[in-house]
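Student: Have a peek at work36.tsv (TSV, C-alpha atoms and all ligand atoms).
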```tsv
chain	number	residue	atom	x	y	z
A	1	MET	CA	64.28	-27.35	-13.33
A	2	LYS	CA	64.85	-30.52	-15.31
A	3	ILE	CA	63.83	-33.46	-13.18
A	4	GLY	CA	64.11	-37.18	-13.90
A	5	ILE	CA	61.51	-39.28	-12.07
A	6	VAL	CA	62.16	-42.98	-11.59
A	7	CYS	CA	59.28	-45.11	-10.32
A	8	TYR	CA	57.24	-48.26	-10.72
A	9	PRO	CA	54.72	-47.44	-13.45
A	10	THR	CA	51.97	-49.51	-11.82
A	11	PHE	CA	48.83	-48.94	-9.71
A	12	GLY	CA	50.89	-49.12	-6.47
A	13	GLY	CA	50.95	-46.05	-4.24
A	14	SER	CA	54.59	-45.15	-4.89
A	15	GLY	CA	54.00	-45.11	-8.65
A	16	VAL	CA	50.85	-43.04	-8.21
A	17	VAL	CA	52.59	-40.46	-6.00
A	18	ALA	CA	55.58	-40.25	-8.38
A	19	THR	CA	53.35	-39.80	-11.44
A	20	GLU	CA	51.02	-37.26	-9.83
A	21	LEU	CA	54.08	-35.35	-8.61
A	22	GLY	CA	55.64	-35.35	-12.09
A	23	MET	CA	52.43	-34.08	-13.69
A	24	ALA	CA	52.09	-31.34	-11.05
A	25	LEU	CA	55.73	-30.27	-11.53
A	26	ALA	CA	55.20	-30.05	-15.29
A	27	GLN	CA	52.20	-27.80	-14.71
A	28	GLU	CA	54.46	-25.56	-12.61
A	29	GLY	CA	56.80	-25.23	-15.61
A	30	HIS	CA	59.44	-27.82	-14.74
A	31	HIS	CA	60.67	-30.28	-17.36
A	32	VAL	CA	59.86	-33.79	-16.23
A	33	HIS	CA	61.38	-37.01	-17.56
A	34	PHE	CA	59.84	-40.30	-16.42
A	35	ILE	CA	62.36	-43.12	-16.61
A	36	THR	CA	60.83	-46.58	-16.15
A	37	TYR	CA	59.95	-49.83	-17.96
A	38	LYS	CA	56.41	-48.85	-19.02
A	39	GLN	CA	54.40	-45.68	-19.32
A	40	PRO	CA	53.06	-44.92	-15.82
A	41	VAL	CA	49.39	-45.89	-15.56
A	42	ARG	CA	48.35	-42.61	-13.95
A	43	LEU	CA	50.04	-40.47	-16.62
A	44	ASP	CA	46.92	-38.82	-18.01
A	45	PHE	CA	48.23	-35.36	-18.73
A	46	ILE	CA	50.18	-34.47	-21.85
A	47	SER	CA	52.41	-31.44	-22.21
A	48	ASN	CA	55.61	-30.32	-23.90
A	49	ASP	CA	57.28	-30.69	-20.54
A	50	ILE	CA	56.57	-34.37	-19.93
A	51	HIS	CA	58.82	-37.01	-21.46
A	52	PHE	CA	58.85	-40.76	-21.06
A	53	HIS	CA	62.00	-42.85	-21.48
A	54	GLU	CA	61.48	-46.60	-21.57
A	55	VAL	CA	63.99	-48.84	-19.86
A	56	PHE	CA	64.27	-51.90	-22.02
A	57	VAL	CA	65.84	-55.10	-20.74
A	58	GLU	CA	66.97	-57.46	-23.47
A	59	GLU	CA	66.27	-61.13	-22.72
A	60	TYR	CA	69.44	-63.19	-22.81
A	61	PRO	CA	69.37	-66.94	-22.14
A	62	LEU	CA	72.43	-66.86	-19.84
A	63	PHE	CA	70.63	-64.67	-17.35
A	64	HIS	CA	68.40	-66.37	-14.87
A	65	PHE	CA	67.41	-62.86	-13.71
A	66	GLN	CA	67.43	-60.01	-16.21
A	67	PRO	CA	69.70	-57.15	-14.97
A	68	TYR	CA	67.10	-54.35	-14.72
A	69	GLU	CA	69.29	-52.14	-12.46
A	70	LEU	CA	72.03	-52.08	-15.10
A	71	ALA	CA	69.65	-51.09	-17.87
A	72	LEU	CA	68.02	-48.51	-15.59
A	73	SER	CA	71.28	-46.86	-14.49
A	74	SER	CA	72.52	-46.76	-18.10
A	75	LYS	CA	69.25	-45.13	-19.15
A	76	MET	CA	69.54	-42.60	-16.31
A	77	VAL	CA	73.04	-41.64	-17.47
A	78	GLU	CA	71.83	-41.32	-21.07
A	79	VAL	CA	68.83	-39.14	-20.16
A	80	VAL	CA	70.76	-36.91	-17.71
A	81	GLU	CA	73.41	-36.23	-20.38
A	82	MET	CA	71.01	-35.79	-23.27
A	83	TYR	CA	68.59	-33.45	-21.46
A	84	ASN	CA	70.95	-31.81	-18.93
A	85	LEU	CA	68.87	-32.93	-15.97
A	86	ASP	CA	69.43	-31.22	-12.61
A	87	ILE	CA	67.93	-33.88	-10.38
A	88	LEU	CA	67.06	-37.56	-10.37
A	89	HIS	CA	64.13	-38.20	-8.03
A	90	VAL	CA	63.78	-41.92	-7.36
A	91	HIS	CA	60.67	-43.38	-5.74
A	92	TYR	CA	60.93	-46.65	-3.80
A	93	ALA	CA	64.45	-47.58	-2.72
A	94	ILE	CA	64.63	-51.00	-4.36
A	95	PRO	CA	66.31	-51.00	-6.81
A	96	HIS	CA	65.88	-47.37	-7.84
A	97	ALA	CA	68.11	-45.72	-5.20
A	98	TYR	CA	70.82	-48.28	-5.88
A	99	ALA	CA	70.64	-47.73	-9.67
A	100	ALA	CA	70.71	-43.95	-9.10
A	101	TYR	CA	73.89	-44.28	-7.04
A	102	MET	CA	75.52	-46.16	-9.94
A	103	ALA	CA	74.32	-43.53	-12.43
A	104	LYS	CA	75.71	-40.78	-10.20
A	105	GLN	CA	79.15	-42.45	-10.15
A	106	MET	CA	79.16	-42.96	-13.92
A	107	LEU	CA	78.18	-39.32	-14.46
A	108	LYS	CA	80.89	-38.14	-12.05
A	109	GLU	CA	83.48	-39.74	-14.37
A	110	LYS	CA	82.06	-37.53	-17.12
A	111	GLY	CA	82.34	-34.41	-14.94
A	112	ILE	CA	78.58	-34.23	-14.26
A	113	ASP	CA	77.31	-33.81	-10.69
A	114	ILE	CA	73.72	-35.10	-10.71
A	115	LYS	CA	71.76	-34.75	-7.46
A	116	VAL	CA	69.76	-37.74	-6.27
A	117	VAL	CA	66.58	-37.40	-4.18
A	118	THR	CA	65.26	-40.69	-2.78
A	119	THR	CA	61.68	-41.02	-1.54
A	120	LEU	CA	61.02	-44.05	0.64
A	121	HIS	CA	57.44	-45.29	0.38
A	122	GLY	CA	56.95	-48.11	2.84
A	123	THR	CA	57.50	-51.74	1.96
A	124	ASP	CA	60.91	-50.78	0.53
A	125	ILE	CA	61.79	-50.26	4.22
A	126	THR	CA	59.37	-52.23	6.37
A	127	LEU	CA	58.89	-55.48	4.46
A	128	VAL	CA	61.41	-55.90	1.67
A	129	GLY	CA	64.22	-53.42	2.28
A	130	SER	CA	65.08	-54.53	5.79
A	131	HIS	CA	65.26	-58.20	4.77
A	132	PRO	CA	68.87	-59.43	5.22
A	133	ASN	CA	69.07	-60.13	1.46
A	134	TYR	CA	68.72	-56.44	0.65
A	135	LYS	CA	69.48	-54.50	3.82
A	136	THR	CA	73.16	-53.66	3.13
A	137	ALA	CA	72.49	-52.33	-0.36
A	138	VAL	CA	69.37	-50.41	0.70
A	139	GLU	CA	71.16	-48.76	3.64
A	140	PHE	CA	74.10	-47.88	1.40
A	141	SER	CA	71.92	-46.32	-1.28
A	142	ILE	CA	69.88	-44.31	1.24
A	143	ASN	CA	73.06	-42.94	2.84
A	144	ASN	CA	74.47	-42.05	-0.56
A	145	SER	CA	71.42	-40.14	-1.78
A	146	ASP	CA	71.75	-36.35	-1.65
A	147	VAL	CA	68.33	-35.99	0.01
A	148	VAL	CA	66.05	-38.59	1.55
A	149	THR	CA	62.32	-38.18	2.12
A	150	THR	CA	59.71	-40.47	3.67
A	151	VAL	CA	55.94	-40.28	3.25
A	152	SER	CA	55.17	-40.19	6.98
A	153	GLU	CA	56.67	-39.62	10.43
A	154	SER	CA	56.03	-43.28	11.10
A	155	LEU	CA	58.09	-44.39	8.09
A	156	LYS	CA	60.88	-42.04	9.15
A	157	LYS	CA	60.93	-43.72	12.57
A	158	ASP	CA	60.90	-47.19	10.98
A	159	THR	CA	63.79	-46.22	8.68
A	160	LEU	CA	65.86	-44.96	11.60
A	161	ARG	CA	65.00	-48.07	13.64
A	162	LEU	CA	65.76	-50.62	10.95
A	163	PHE	CA	68.85	-49.05	9.33
A	164	THR	CA	71.91	-47.06	10.37
A	165	ILE	CA	71.10	-43.79	8.64
A	166	LYS	CA	73.56	-40.91	8.45
A	167	LYS	CA	71.30	-38.62	6.44
A	168	GLU	CA	68.63	-36.22	7.60
A	169	ILE	CA	65.19	-37.53	6.64
A	170	HIS	CA	62.51	-35.08	5.47
A	171	VAL	CA	58.89	-36.10	5.90
A	172	ILE	CA	56.67	-35.18	2.95
A	173	HIS	CA	53.23	-36.73	3.15
A	174	ASN	CA	51.26	-38.22	0.27
A	175	PHE	CA	48.94	-35.71	-1.38
A	176	ILE	CA	45.71	-35.34	-3.37
A	177	ASP	CA	45.14	-33.29	-6.47
A	178	PHE	CA	41.63	-32.04	-5.70
A	179	GLU	CA	41.14	-30.97	-9.30
A	180	LYS	CA	40.74	-34.68	-9.99
A	181	TYR	CA	38.15	-34.96	-7.22
A	182	PRO	CA	35.38	-32.66	-8.41
A	183	GLU	CA	32.23	-32.85	-6.37
A	184	ILE	CA	30.24	-35.54	-8.16
A	185	HIS	CA	26.53	-34.85	-7.89
A	186	ALA	CA	23.94	-37.49	-7.11
A	187	GLU	CA	22.66	-37.60	-10.68
A	188	GLU	CA	26.18	-38.30	-12.06
A	189	CYS	CA	27.01	-40.81	-9.36
A	190	LYS	CA	24.52	-43.49	-10.30
A	191	ARG	CA	24.47	-45.33	-6.98
A	192	ASN	CA	21.27	-47.14	-7.85
A	193	THR	CA	23.07	-49.13	-10.56
A	194	ILE	CA	24.92	-50.84	-7.70
A	195	ALA	CA	22.74	-50.73	-4.63
A	196	ASN	CA	19.19	-50.06	-3.55
A	197	ASP	CA	18.35	-46.85	-1.69
A	198	ASN	CA	18.33	-48.64	1.67
A	199	GLU	CA	21.76	-50.21	1.10
A	200	ARG	CA	25.13	-48.69	2.08
A	201	ILE	CA	28.18	-49.08	-0.16
A	202	ILE	CA	31.48	-50.16	1.37
A	203	THR	CA	34.75	-50.01	-0.58
A	204	HIS	CA	38.25	-51.50	-0.44
A	205	ILE	CA	41.00	-50.59	-2.90
A	206	SER	CA	44.38	-52.31	-2.89
A	207	ASN	CA	46.78	-54.60	-4.70
A	208	LEU	CA	45.33	-57.51	-2.67
A	209	ARG	CA	48.74	-58.51	-1.33
A	210	PRO	CA	48.92	-60.29	2.08
A	211	VAL	CA	49.98	-57.02	3.78
A	212	LYS	CA	46.51	-55.60	2.96
A	213	ARG	CA	44.74	-58.42	4.85
A	214	ALA	CA	41.96	-58.66	2.27
A	215	THR	CA	40.49	-61.63	4.15
A	216	ASP	CA	39.87	-59.22	7.04
A	217	VAL	CA	38.05	-56.93	4.59
A	218	MET	CA	35.68	-59.77	3.76
A	219	ASP	CA	35.28	-60.69	7.41
A	220	ILE	CA	34.47	-57.10	8.40
A	221	PHE	CA	32.02	-56.73	5.54
A	222	TYR	CA	30.34	-60.03	6.45
A	223	LYS	CA	29.77	-58.77	10.00
A	224	ILE	CA	28.53	-55.33	8.87
A	225	GLN	CA	26.08	-56.60	6.23
A	226	LYS	CA	24.36	-58.81	8.82
A	227	GLU	CA	23.17	-55.60	10.52
A	228	ILE	CA	23.22	-53.01	7.74
A	229	PRO	CA	22.09	-53.94	4.22
A	230	SER	CA	25.17	-53.22	2.13
A	231	LYS	CA	27.35	-54.00	-0.89
A	232	LEU	CA	31.14	-54.28	-1.07
A	233	LEU	CA	33.11	-52.81	-3.99
A	234	LEU	CA	36.56	-54.35	-4.32
A	235	VAL	CA	38.93	-52.44	-6.58
A	236	GLY	CA	42.36	-53.85	-7.49
A	237	GLU	CA	43.99	-57.11	-8.45
A	238	GLY	CA	46.53	-59.23	-6.63
A	239	PRO	CA	47.51	-62.58	-5.19
A	240	ASP	CA	44.69	-62.79	-2.62
A	241	ARG	CA	41.87	-62.26	-5.09
A	242	GLU	CA	41.01	-65.94	-5.45
A	243	THR	CA	41.18	-66.56	-1.71
A	244	ILE	CA	38.69	-63.81	-0.94
A	245	GLU	CA	36.38	-64.82	-3.77
A	246	CYS	CA	36.21	-68.31	-2.20
A	247	GLN	CA	35.80	-66.75	1.25
A	248	ALA	CA	32.85	-64.66	0.00
A	249	LYS	CA	31.28	-67.76	-1.54
A	250	LYS	CA	31.68	-69.78	1.67
A	251	LEU	CA	30.18	-66.94	3.70
A	252	GLY	CA	27.24	-66.81	1.27
A	253	ILE	CA	27.82	-63.14	0.37
A	254	LEU	CA	29.32	-63.42	-3.14
A	255	ASP	CA	26.22	-61.72	-4.59
A	256	ARG	CA	26.87	-58.71	-2.34
A	257	VAL	CA	30.49	-58.24	-3.51
A	258	LEU	CA	31.55	-56.58	-6.77
A	259	PHE	CA	35.09	-57.32	-7.94
A	260	LEU	CA	36.02	-54.43	-10.21
A	261	GLY	CA	39.69	-55.19	-10.99
A	262	ASN	CA	42.31	-52.50	-11.47
A	263	SER	CA	41.01	-49.05	-12.22
A	264	ASN	CA	42.44	-45.75	-13.29
A	265	GLU	CA	39.33	-43.96	-12.10
A	266	VAL	CA	39.26	-44.57	-8.36
A	267	ASN	CA	38.08	-40.99	-7.86
A	268	LYS	CA	34.91	-41.81	-9.85
A	269	LEU	CA	34.35	-45.19	-8.19
A	270	LEU	CA	34.69	-43.63	-4.76
A	271	CYS	CA	31.64	-41.43	-5.36
A	272	TYR	CA	29.51	-44.52	-4.60
A	273	SER	CA	31.20	-45.12	-1.30
A	274	ASP	CA	29.85	-44.68	2.25
A	275	LEU	CA	32.70	-46.39	4.08
A	276	PHE	CA	36.26	-47.40	3.20
A	277	LEU	CA	38.01	-50.41	4.76
A	278	LEU	CA	41.81	-50.56	5.13
A	279	PRO	CA	42.71	-53.27	7.68
A	280	SER	CA	46.40	-53.45	6.60
A	281	GLU	CA	49.09	-55.21	8.59
A	282	THR	CA	51.25	-52.15	7.97
A	283	GLU	CA	50.79	-49.01	5.91
A	284	SER	CA	53.44	-46.29	5.77
A	285	PHE	CA	50.81	-43.68	4.97
A	286	GLY	CA	47.74	-45.18	3.30
A	287	LEU	CA	47.21	-43.23	0.09
A	288	ALA	CA	44.09	-45.29	-0.61
A	289	ALA	CA	42.55	-44.02	2.66
A	290	LEU	CA	43.40	-40.44	1.73
A	291	GLU	CA	41.84	-40.88	-1.72
A	292	ALA	CA	38.71	-42.24	-0.06
A	293	MET	CA	38.57	-39.29	2.33
A	294	ALA	CA	38.99	-36.86	-0.57
A	295	ALA	CA	35.82	-38.42	-1.95
A	296	ARG	CA	34.03	-37.82	1.39
A	297	THR	CA	34.36	-41.39	2.65
A	298	PRO	CA	35.05	-42.21	6.31
A	299	VAL	CA	37.72	-44.84	6.93
A	300	ILE	CA	37.83	-47.95	9.10
A	301	SER	CA	41.52	-48.85	9.35
A	302	THR	CA	44.11	-50.41	11.57
A	303	ASN	CA	46.26	-48.21	13.78
A	304	SER	CA	49.48	-49.46	12.19
A	305	GLY	CA	52.29	-47.40	10.62
A	306	GLY	CA	51.34	-43.96	9.36
A	307	LEU	CA	47.56	-44.52	9.35
A	308	PRO	CA	47.04	-42.45	12.54
A	309	GLU	CA	48.64	-39.50	10.67
A	310	VAL	CA	45.78	-39.67	8.15
A	311	ASN	CA	42.72	-41.20	9.80
A	312	ILE	CA	41.58	-39.45	12.98
A	313	GLU	CA	39.92	-41.66	15.61
A	314	GLY	CA	36.24	-40.84	16.03
A	315	VAL	CA	36.40	-37.94	13.58
A	316	THR	CA	37.19	-39.21	10.06
A	317	GLY	CA	36.69	-42.87	10.98
A	318	PHE	CA	38.12	-45.33	13.49
A	319	LEU	CA	41.39	-47.22	14.02
A	320	SER	CA	41.68	-50.72	15.52
A	321	ASN	CA	44.43	-53.20	16.27
A	322	VAL	CA	45.56	-55.35	13.35
A	323	GLY	CA	43.24	-58.33	13.00
A	324	ASP	CA	40.50	-57.05	15.32
A	325	THR	CA	37.72	-57.42	12.78
A	326	ASP	CA	35.03	-57.41	15.49
A	327	ASP	CA	36.05	-53.91	16.53
A	328	MET	CA	36.33	-52.74	12.92
A	329	ALA	CA	32.86	-54.12	12.09
A	330	LYS	CA	31.38	-52.56	15.26
A	331	ASN	CA	32.85	-49.15	14.32
A	332	GLY	CA	31.65	-49.48	10.72
A	333	ILE	CA	28.11	-50.23	11.91
A	334	PHE	CA	28.26	-47.25	14.30
A	335	ILE	CA	29.06	-44.89	11.41
A	336	LEU	CA	26.62	-46.41	8.92
A	337	LYS	CA	23.52	-46.91	11.01
A	338	ASP	CA	22.75	-43.24	11.58
A	339	LEU	CA	22.48	-41.16	8.40
A	340	GLU	CA	23.11	-37.88	10.19
A	341	ARG	CA	26.24	-39.30	11.82
A	342	LEU	CA	27.40	-40.71	8.47
A	343	GLN	CA	27.12	-37.24	6.92
A	344	GLU	CA	29.20	-35.77	9.76
A	345	PHE	CA	31.96	-38.34	9.30
A	346	LYS	CA	31.89	-37.75	5.54
A	347	GLN	CA	32.32	-34.01	6.02
A	348	HIS	CA	35.19	-34.47	8.50
A	349	ALA	CA	36.89	-36.95	6.16
A	350	LEU	CA	36.86	-34.36	3.38
A	351	GLU	CA	38.16	-31.60	5.67
A	352	GLN	CA	41.03	-33.81	6.85
A	353	ALA	CA	41.90	-34.80	3.25
A	354	LYS	CA	42.19	-31.10	2.34
A	355	ARG	CA	45.17	-30.82	4.70
A	356	PHE	CA	47.00	-33.08	2.23
A	357	SER	CA	46.11	-31.13	-0.91
A	358	LEU	CA	48.63	-30.87	-3.74
A	359	GLN	CA	48.88	-27.12	-3.04
A	360	ASN	CA	49.93	-27.82	0.55
A	361	VAL	CA	52.42	-30.60	-0.19
A	362	LEU	CA	54.03	-29.69	-3.54
A	363	PRO	CA	56.04	-26.74	-2.12
A	364	ALA	CA	57.86	-29.15	0.22
A	365	TYR	CA	59.19	-31.16	-2.74
A	366	GLN	CA	60.09	-27.95	-4.60
A	367	GLU	CA	61.97	-26.71	-1.54
A	368	VAL	CA	63.95	-29.97	-1.43
A	369	TYR	CA	64.85	-29.56	-5.11
A	370	ARG	CA	65.91	-25.93	-4.60
A	371	LYS	CA	68.11	-26.81	-1.63
A	372	VAL	CA	69.75	-29.82	-3.21
A	373	SER	CA	70.50	-28.07	-6.47
A	374	LYS	CA	72.17	-25.21	-4.55
A	375	ASN	CA	74.14	-27.69	-2.49
A	376	CYS	CA	73.00	-26.18	0.79
A	401	LIG	O1	50.61	-50.33	-0.63
A	401	LIG	C1	51.29	-50.94	-1.45
A	401	LIG	O2	51.48	-52.14	-1.38
A	401	LIG	C2	51.92	-50.17	-2.56
A	401	LIG	C3	53.01	-49.34	-2.02
A	401	LIG	C4	53.91	-48.82	-3.11
A	401	LIG	O3	55.02	-48.47	-2.77
A	401	LIG	O4	53.60	-48.74	-4.27
A	401	LIG	O5	52.44	-48.27	-1.25
A	401	LIG	C5	53.25	-47.64	-0.30
A	401	LIG	O6	53.43	-46.31	-0.76
A	401	LIG	C6	52.27	-45.47	-0.73
A	401	LIG	C7	52.64	-44.12	-1.32
A	401	LIG	O7	53.62	-43.47	-0.62
A	401	LIG	C8	51.75	-45.37	0.72
A	401	LIG	O8	50.62	-44.54	0.78
A	401	LIG	C9	51.38	-46.79	1.18
A	401	LIG	O9	50.95	-46.73	2.52
A	401	LIG	C10	52.60	-47.70	1.08
A	401	LIG	N1	52.20	-49.08	1.39
A	401	LIG	C11	52.63	-49.72	2.48
A	401	LIG	O10	53.35	-49.22	3.33
A	401	LIG	C12	52.13	-51.11	2.63
```
Could you show the structure in this file as structure tokens?
Tutor:
Amino acid sequence: MKIGIVCYPTFGGSGVVATELGMALAQEGHHVHFITYKQPVRLDFISNDIHFHEVFVEEYPLFHFQPYELALSSKMVEVVEMYNLDILHVHYAIPHAYAAYMAKQMLKEKGIDIKVVTTLHGTDITLVGSHPNYKTAVEFSINNSDVVTTVSESLKKDTLRLFTIKKEIHVIHNFIDFEKYPEIHAEECKRNTIANDNERIITHISNLRPVKRATDVMDIFYKIQKEIPSKLLLVGEGPDRETIECQAKKLGILDRVLFLGNSNEVNKLLCYSDLFLLPSETESFGLAALEAMAARTPVISTNSGGLPEVNIEGVTGFLSNVGDTDDMAKNGIFILKDLERLQEFKQHALEQAKRFSLQNVLPAYQEVYRKVSKNC
């Protein structure tokens, strides 16, 4: 099939899922066309079947806001016509599903019936999409997609609760390409460049937006390191970076925290990790937790959104109420203080992650494409 993928080309989970999906589809022999404003950061695989089409928005002084949706829908029309695409798969409703609806209408005028698959990822529904400023347009574009998918049962429920949805919603979970998670042996994973043998390594990866509650990460780590000698690796950049740097300084633990910035190699960084912290306010799925588990790392998370679909209480880690950093620290200490127990949690984390392997999840997307292109 010829599939156009529209996504944010950034480190965010929706962009990562869209890019990994596109690369996997190309390996299966589909022709994939990424349509976005920059080359996706996770696009690390080149083939004859992967194309990138840049959406360029000309600056014009009259515009206070540059009309990205217009440029995007025009580019979609151009690419669908030029390459005879069968499907446009848009990731994250805002504004991609809306722009796809416009492209679909423009193509209809030309006698072309393009099918639109919309994948909802989380904040496009829970935080931003349901805001009164956007709700009408988001609801309209979901209802006018040919197929709608969400990344968890929890996000499906939220979508049905927050919007009036007339479409069936298919749940297709986030996935992991285990080929990118080879077992990294002790000699390759140079833990001693970061921590001493007696120290445990704790990791948090996110875009450091308020929804991730990075200040809770610091608070949990502060409480853990008082009992278990440890270091904190913080991967990602975002608005709360400065706040948590100051917090670490005030708590007197700045020398125990490594700020690593954005990284394309989370799979490699995770080989150092003994415990992953994800105390988010809400998380539709929690791809970062799944990536940690794929690298044999137990997860301390909240019990919000889709996290209970990924992290299993007492098996792959623990789940606490949002903001309960005492409980999260207590659970982290429980896992870390006994090496045998830590190894058990690590093994269970890996086994659970395997349920979400690319091989298990990709067929669900392919089935959606097959159905929608046959109109049944
Ligand atoms: O987590 C973010 O802030 C990024 C966001 C995105 O859309 O890029 O991630 C969302 O999509 C991921 C992939 O489907 C999910 O695993 C994340 O849980 C979800 N984030 C939230 O719901 C906060």
Student: In Å, rounded to a single decimal, give me how far atom CA of A:Leu72 is from atom CA of A:His96.
Tutor: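 So the two atoms, atom CA of A:His96 and atom CA of A:Leu72, lie 8.1 Å apart.
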Student: Using all atoms listed in the file, pick whichever of A:Leu270, A:Cys189, A:Asp219, A:Val116 has the shortest atom-to-atom distance to A:Lys371.
Tutor: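 For A:Lys371, the nearest of the candidates is A:Val116.
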Student: With only C-alpha atoms and all ligand atoms as the atoms that count, which of A:Gly306, A:Pro279, A:Gly122, A:Gly111 lies nearest to ligand LIG 401 (chain A)?
Tutor: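 Ranked by minimum distance to ligand LIG 401 (chain A), first place goes to A:Gly122.
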Student: Determine, counting all atoms listed in the file, which protein, DNA and RNA residues have an atom within 7 Å of an atom of A:Asn303; residues of the same chain fewer than 3 positions away are not included. Present the result as a list in words.
Tutor: Leu307, Pro308, Leu319, Ser320 and Asn321 of chain A
Student: Looking at only C-alpha atoms, which of A:Phe52, A:Phe11, A:Tyr60, A:Phe334 is the one that sits closest to A:Gly238?
Tutor: A:Phe11
Student: Against ligand LIG 401 (chain A), which residues of chain A fall within 9 Å? For each one I want the closest pair of atoms and the distance in Å (one decimal), counting all atoms listed in the file, rows by chain and increasing residue number, as CSV.
Tutor:
```
residue,atom,partner,partner_atom,distance
A:Tyr8,CA,A:LIG401,O4,7.4
A:Thr10,CA,A:LIG401,O4,7.8
A:Phe11,CA,A:LIG401,O4,7.2
A:Gly12,CA,A:LIG401,O4,3.5
A:Gly13,CA,A:LIG401,O4,3.8
A:Ser14,CA,A:LIG401,O4,3.8
A:Gly15,CA,A:LIG401,O4,5.7
A:Val16,CA,A:LIG401,C7,7.2
A:Val17,CA,A:LIG401,C7,5.9
A:Ala18,CA,A:LIG401,C7,8.6
A:His91,CA,A:LIG401,O3,8.2
A:Tyr92,CA,A:LIG401,O3,6.3
A:Thr119,CA,A:LIG401,O7,8.5
A:Leu120,CA,A:LIG401,O7,7.5
A:His121,CA,A:LIG401,O6,4.3
A:Gly122,CA,A:LIG401,O10,3.8
A:Thr123,CA,A:LIG401,O10,5.0
A:Asp124,CA,A:LIG401,O3,7.1
A:Ile125,CA,A:LIG401,O10,8.6
A:Thr126,CA,A:LIG401,O10,7.4
A:Leu127,CA,A:LIG401,C12,8.3
A:Thr150,CA,A:LIG401,O7,8.0
A:Val151,CA,A:LIG401,O7,5.5
A:Ser152,CA,A:LIG401,O7,8.4
A:Leu155,CA,A:LIG401,O10,8.3
A:His173,CA,A:LIG401,O7,7.7
A:Asn174,CA,A:LIG401,O7,5.8
A:Ser206,CA,A:LIG401,O1,6.9
A:Asn207,CA,A:LIG401,O2,6.3
A:Leu208,CA,A:LIG401,O2,8.3
A:Arg209,CA,A:LIG401,O2,6.9
A:Val211,CA,A:LIG401,C12,6.4
A:Lys212,CA,A:LIG401,C12,7.2
A:Ser280,CA,A:LIG401,C12,7.4
A:Glu281,CA,A:LIG401,C12,7.8
A:Thr282,CA,A:LIG401,C12,5.5
A:Glu283,CA,A:LIG401,O10,3.6
A:Ser284,CA,A:LIG401,O10,3.8
A:Phe285,CA,A:LIG401,O9,3.9
A:Gly286,CA,A:LIG401,O9,3.6
A:Leu287,CA,A:LIG401,O8,3.7
A:Ala288,CA,A:LIG401,O8,6.7
A:Ala289,CA,A:LIG401,O8,8.3
A:Leu290,CA,A:LIG401,O8,8.4
A:Gly305,CA,A:LIG401,O10,7.6
A:Gly306,CA,A:LIG401,O9,7.4
A:Leu307,CA,A:LIG401,O9,7.9
```
Student: Out of A:Val310, A:Ile46, A:Ile169, A:Ala349, which residue has the shortest atom-to-atom distance to A:Pro298 when counting only C-alpha atoms?
Tutor: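 Comparing A:Val310, A:Ile46, A:Ile169, A:Ala349 against A:Pro298, the winner is A:Ala349.
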Student: Measuring atom to atom with all atoms listed in the file, identify which of A:Leu339, A:Ile300, A:Val80, A:Ile3 is nearest to A:His30.
Tutor: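 Nearest to A:His30: A:Ile3.
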Student: Pick from A:His204, A:Lys268, A:Lys337, A:Lys38: nearest to A:Glu237, with only C-alpha atoms counted?
Tutor: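 When distances to A:Glu237 are compared using only C-alpha atoms, the smallest one comes from A:His204.
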